[in-house]
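Right, one structure below, let's go through it.
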Amino acid sequence: MHFVDAEWKLRSFVLAVDSFLGRHTAENIVEAYDNVIEKFRLTTKVKKVVSDNASSMIKAFQDCLQHSEFAKSYVGKGKLGKVAKIVNSVRKSVNATSYLQRKKITLRAQNVTRWNSQLVMLQSVLKHHEEVNAALTLIQSRGKITNQDYLALSELMSVLLPFKEAMQQVEGENIVTSSCICPVVLGLLKAMELLKNSNLHYCQKLAANLKDSVSKRFLPYINSPENRIASLLDPRFKNSWIKDDVEKEEAIRLLKTHVASRLGKDDEESCSTEDENPAKKPKLFNFMAEGLKKKRPRNSISEVDSYLGVETRNHAFR
């Protein structure tokens, strides 16, 4: 459970870590989940559920957004399959493992329920591909990394890296995540558009397909009023992720209506302060020309305009 306390500190608590009895079927998972939700009287308050892509979890929460939805269907099975075999061969060989250990190199294996682990595995191999090939020579393996493999896998890594960054933004336990959904999805679309129009030789079509898939799967989340309001109220983003002027005006009206309903038009409570430790802006959000904002939000409706940098009379954008 995550919330912001009266002193504007982000709090995080685990509601339950229960022993799971019986088989891990979708039905049993849902029953265990429902028991916890009902215990804390959260039945009507859950908006989203996040899980990994284990088949039982997907079946249990099939209408929810899974961790792996970002990229689980897009990995290049042929090249990644070869890398996985290389890692398994090296890890099974005492001689090959010892050779790499002497050079302080550790190869990371993939995890079937974590798509990010495939990227981590890929990075660990490409970073030391020459040493890995030398280790494969020790065990007389023919499945070495060729120059073509290296180029293709490097391109694949460049396509997958934005998704890794996206996952880091939305999966954190002790950071605000709901307000990142709109900027993250738009950032992914922009990143794939740039890659699609670049001089990729092996993965240009992949980038185009990814862009289409992200648009199809995740644009509904951008249109969610809750997600839009969350992004607008995040002082790092405000309305800088919205490029269309008409869309900005609609978003501002949505925010004002929400603030009026929650706090009342005459509420004058204010808590605007500078962030003493501003975070480094992720590359994923470079498409937002205005950059990330450094101020905490003000929570009085009379300050919505000044908070967003909008003139009250004509809604001019600065």
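Convention: chains lettered A, B, ... in structure tokens order; per-chain residue numbering from 1; ligands numbered from 1 as shown.
Using only C-alpha atoms, the contacts of Asn227 of chain A at a cut-off of 9 Å, with sequence neighbours closer than 3 positions omitted, comprise Ser178, Ser179, Cys180, Ile181, Cys182, Tyr221, Ile222, Asn223, Ser224, Ala230, Ser231 and Leu232 of chain A.
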Produce a file of the selected residues containing C-alpha atoms, as an mmCIF file, in the first residue's frame.
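In the end it all went to again-v8.cif:
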data_model
loop_
_atom_site.group_PDB
_atom_site.id
_atom_site.type_symbol
_atom_site.label_atom_id
_atom_site.label_comp_id
_atom_site.auth_asym_id
_atom_site.auth_seq_id
_atom_site.Cartn_x
_atom_site.Cartn_y
_atom_site.Cartn_z
ATOM 1 C CA SER A 178 0.500 5.863 -11.348
ATOM 2 C CA SER A 179 1.478 9.358 -12.467
ATOM 3 C CA CYS A 180 4.152 7.858 -14.739
ATOM 4 C CA ILE A 181 1.760 5.874 -16.927
ATOM 5 C CA CYS A 182 0.909 8.625 -19.412
ATOM 6 C CA TYR A 221 -4.511 3.866 -20.137
ATOM 7 C CA ILE A 222 -3.556 7.353 -21.343
ATOM 8 C CA ASN A 223 -7.248 8.166 -21.815
ATOM 9 C CA SER A 224 -8.069 7.075 -18.271
ATOM 10 C CA ALA A 230 -2.212 11.664 -11.615
ATOM 11 C CA SER A 231 0.278 12.824 -14.273
ATOM 12 C CA LEU A 232 -0.984 16.399 -14.131
#
Checklist entry - Hey, what does DSSP flag as helix (DSSP H, G or I) within segment 7-227 of chain A? Can you give it to me as a PyMOL selection string? => result chain A and resi 26-39+55-60+67-70+77-92+94-102+115-127+129-138+147-170+178-196+204-222+225-227
Checklist entry - With distances taken over only C-alpha atoms, which of A:Ala109, A:Leu188, A:Ala84, A:Leu136 is nearest to Thr97 of chain A? => result A:Leu136
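Those residues in segment 3-45 of chain A carrying a DSSP assignment of strand (DSSP E or B), computed from the backbone, are Phe3, Val4, Leu10, Arg11 and Ser12 of chain A.
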Output N, CA and C atoms of each residue in that selection to a file, as a PDB file, in the first residue's frame.
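Saved to part.pdb:
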ATOM      1  N   PHE A   3       1.021   5.606  -0.017  1.00  0.00           N
ATOM      2  CA  PHE A   3       0.279   6.843   0.186  1.00  0.00           C
ATOM      3  C   PHE A   3       1.246   7.952   0.582  1.00  0.00           C
ATOM      4  N   VAL A   4       0.789   9.182   0.456  1.00  0.00           N
ATOM      5  CA  VAL A   4       1.567  10.353   0.860  1.00  0.00           C
ATOM      6  C   VAL A   4       0.985  10.869   2.163  1.00  0.00           C
ATOM      7  N   LEU A  10       6.419   9.898   1.050  1.00  0.00           N
ATOM      8  CA  LEU A  10       5.821   8.719   0.443  1.00  0.00           C
ATOM      9  C   LEU A  10       5.986   7.522   1.371  1.00  0.00           C
ATOM     10  N   ARG A  11       4.888   6.880   1.701  1.00  0.00           N
ATOM     11  CA  ARG A  11       4.906   5.726   2.598  1.00  0.00           C
ATOM     12  C   ARG A  11       4.540   4.467   1.827  1.00  0.00           C
ATOM     13  N   SER A  12       5.113   3.345   2.244  1.00  0.00           N
ATOM     14  CA  SER A  12       4.851   2.073   1.573  1.00  0.00           C
ATOM     15  C   SER A  12       4.786   0.954   2.603  1.00  0.00           C
TER      16      SER A  12
END
Next on the checklist: What does the structure give for the distance between atom CA of Ile86 of chain A and atom CA of Asn199 of chain A, in Å to one decimal?
Outcome noted: 28.4 Å
Item to check | A:Asp234, A:Glu7, A:Asp212, A:Glu226 ranked by distance to Lys196 of chain A, top pick (using only C-alpha atoms) | outcome: A:Asp212
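Residue nearest Asp149 of chain A, chosen from A:Ala135, A:Met1, A:Leu284, A:Leu126 and counting only C-alpha atoms: A:Leu126.
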Checklist entry - So what do you get for atom CA of Glu173 of chain A versus atom CA of Met157 of chain A, distance-wise? => result 25.7 Å
Report as a PDB file with N, CA, C and O atoms, in the first residue's frame all protein, DNA and RNA residues lying within 9 Å of Leu138 of chain A, evaluated on only C-alpha atoms, omitting residues in the same chain fewer than 5 positions from it.
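Contents of the output file result.pdb:
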ATOM      1  N   ASN A  95      35.220 -25.395 -16.517  1.00  0.00           N
ATOM      2  CA  ASN A  95      36.367 -24.707 -17.127  1.00  0.00           C
ATOM      3  C   ASN A  95      35.966 -23.330 -17.659  1.00  0.00           C
ATOM      4  O   ASN A  95      36.678 -22.337 -17.444  1.00  0.00           O
ATOM      5  N   ALA A  96      34.834 -23.286 -18.375  1.00  0.00           N
ATOM      6  CA  ALA A  96      34.392 -22.014 -18.943  1.00  0.00           C
ATOM      7  C   ALA A  96      34.011 -21.027 -17.846  1.00  0.00           C
ATOM      8  O   ALA A  96      34.355 -19.839 -17.913  1.00  0.00           O
ATOM      9  N   TYR A  99      37.130 -19.727 -16.149  1.00  0.00           N
ATOM     10  CA  TYR A  99      37.834 -18.777 -17.024  1.00  0.00           C
ATOM     11  C   TYR A  99      37.218 -17.382 -16.909  1.00  0.00           C
ATOM     12  O   TYR A  99      37.939 -16.376 -16.766  1.00  0.00           O
ATOM     13  N   ASN A 133      33.312 -15.766 -26.200  1.00  0.00           N
ATOM     14  CA  ASN A 133      33.741 -16.628 -27.310  1.00  0.00           C
ATOM     15  C   ASN A 133      34.984 -17.430 -26.928  1.00  0.00           C
ATOM     16  O   ASN A 133      35.125 -18.601 -27.310  1.00  0.00           O
TER      17      ASN A 133
END
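With only C-alpha atoms as the atoms that count, the minimum distance from His24 of chain A to the choices A:Leu255, A:Val304, A:Met57, A:Ala207 is reached by A:Met57.
The interatomic distance for the pair atom CA of Leu122 of chain A and atom CA of Ser93 of chain A works out to 19.3 Å.
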